[in-house]
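These notes are about the structure you will find just below.
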Amino acid sequence: MMTKILHIADLHFGREDERLVEALAEMEKTLAPDVVVASGDLTTFGKRSEFAAARKLFERFTAPVVASPGNHDVPYANIFSRLLSPWRRFRRRMGDTIEPRFADDKVAIESFETSRGAQWRLDWSLGRARPDQAREIAGRLQHNAPNGQLRVVTCHHPLVAPEGMTGRAKTKFGGAAADVFIRGGAHLVLTGHMHQVFALAESHEDHVCWFVSASTAFSIRTRDEPAGFNLLTVEDDHFVMDVYVATTEGDFMHSETRHLNRKESEIFPEHPGKPGI
């Protein structure tokens, strides 16, 4: 049977479109994914009420949820928590509605933290990767998927980006972490933060790894693209990437399909158009 991954990011509860929250809950049931991957920024200010809203949504999902924290998931107004225990509230409030990893006989998924409560640079929202942690995660993926099963990593910040690692994509040591995952045999790296849909391939020898980003799921904090999400279906030689976007009526519509070649760094859009690269 095929594996289906529902990829969402940047929910930003606290600034959500409530119509789209309901629409996503219904779409999750209709699409029936095997697993949901949430690539960070579940909240806007890291408030308890925002985490409660995220938890309420995830409790409605039929599939397990693997989530990594985003830069908005720290307690925004509590500098001491940001410095000493930035993810305590994230883990306590989300509880058993999320997991840091998932594995079955078809796929192994690991979350990778790129967000920090504080940094030695002015923009704390930017990502910072740890190559040593990336190596640990790559090792776990190899252990949990020893027979060539799909290996997936999720993190909030991009490790590669369409315009290079500049601006909002300036994830410190992101390229080094990406190289670890590529050489370690990861097939997919699912990210958010940019509020932008893209799919970029990197390869090492005969292995191809796809770096896929989702737009904001249902926040009113859109940038150049509408809110939406991706559905990734795993085929033997490619990934089918279905992009769904929000409509002005408050629901989601299918926008386009891309075929991501698992053997070569090629992409074939079936219905090219926005959003995309």
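Labels for the structure tokens follow display order: chains A, B, ..., residues from 1 in each chain, ligands from 1.
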
Original post:
In range 79-183 of chain A, what's strand (DSSP E) per DSSP? Answer as a PyMOL selection string?
Top reply: chain A and resi 101-103+107-111+150-154

**OP:** Please provide as a PyMOL selection string all residues within 6 Å of Met241 in chain A, with the sequence filter that same-chain residues fewer than 6 positions apart are discarded (counting only C-alpha atoms).
**Re:** chain A and resi 231-232+257-258

Subject >> Contacts of Asp236 in chain A at 12 Å (only C-alpha atoms; same-chain gap of 6+ positions) as a count of residues only >> reply: 12

Original post:
Got a sec: who's within 12 Å of Trp120 in chain A, counting only C-alpha atoms, leaving out chain neighbours fewer than 5 positions off, as a list of chain:residue names?
Top reply: A:Leu83, A:Ser125, A:Leu126, A:Gly127, A:Arg128, A:Lys172

Expected file contents, prior selection, N, CA, C and O atoms, as an mmCIF file, in the first residue's frame:
data_model
loop_
_atom_site.group_PDB
_atom_site.id
_atom_site.type_symbol
_atom_site.label_atom_id
_atom_site.label_comp_id
_atom_site.auth_asym_id
_atom_site.auth_seq_id
_atom_site.Cartn_x
_atom_site.Cartn_y
_atom_site.Cartn_z
ATOM 1 N N LEU A 83 15.102 31.636 27.439
ATOM 2 C CA LEU A 83 16.509 31.340 27.617
ATOM 3 C C LEU A 83 16.757 29.970 28.233
ATOM 4 O O LEU A 83 17.671 29.243 27.831
ATOM 5 N N SER A 125 14.384 34.886 14.993
ATOM 6 C CA SER A 125 13.438 34.048 14.259
ATOM 7 C C SER A 125 14.136 33.139 13.247
ATOM 8 O O SER A 125 13.555 32.163 12.786
ATOM 9 N N LEU A 126 15.377 33.456 12.901
ATOM 10 C CA LEU A 126 16.092 32.667 11.903
ATOM 11 C C LEU A 126 16.521 31.328 12.489
ATOM 12 O O LEU A 126 16.676 31.181 13.702
ATOM 13 N N GLY A 127 16.743 30.378 11.604
ATOM 14 C CA GLY A 127 17.075 29.037 12.052
ATOM 15 C C GLY A 127 18.551 28.840 12.346
ATOM 16 O O GLY A 127 19.414 29.561 11.845
ATOM 17 N N ARG A 128 18.800 27.851 13.179
ATOM 18 C CA ARG A 128 20.168 27.447 13.493
ATOM 19 C C ARG A 128 20.178 25.928 13.612
ATOM 20 O O ARG A 128 19.510 25.367 14.499
ATOM 21 N N LYS A 172 21.525 29.095 9.927
ATOM 22 C CA LYS A 172 22.948 28.887 10.202
ATOM 23 C C LYS A 172 23.272 27.397 10.262
ATOM 24 O O LYS A 172 22.562 26.621 10.924
#

Subject >> Best match for closeness to His157 in chain A among A:His238, A:His72, A:His207, A:Arg48, counting only C-alpha atoms >> reply: A:His72

Original post:
Leaving out Ala108 in chain A and any residue of its chain fewer than 5 positions from it, which residues lie within 8 Å of it when counting only C-alpha atoms, given as number ranges by chain?
Top reply: A: 101-103, 141, 144-145, 149-152

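When only C-alpha atoms are used to measure the gap to Thr247 in chain A, the shortest distance among A:Leu20, A:Ala38, A:Ile109, A:Cys155 belongs to A:Leu20.
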
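The closest residue to Pro100 in chain A, picked from A:Arg88, A:Thr154, A:Ala118, A:Phe51 and counting only C-alpha atoms, is A:Thr154.
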
**OP:** For Glu22 in chain A, work out the shell of residues within 10 Å, counting only C-alpha atoms and skipping chain neighbours fewer than 3 positions away, then give it as a PyMOL selection string.
**Re:** chain A and resi 17-19+25-27+57+218+250-251

Subject >> CA of Ile182 in chain A to CA of Ser215 in chain A, straight-line distance in Å >> reply: 23.3 Å

Original post:
So how far away is CA of His7 in chain A from CA of Thr248 in chain A, in Å?
Top reply: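 CA of His7 in chain A lies 21.5 Å from CA of Thr248 in chain A.
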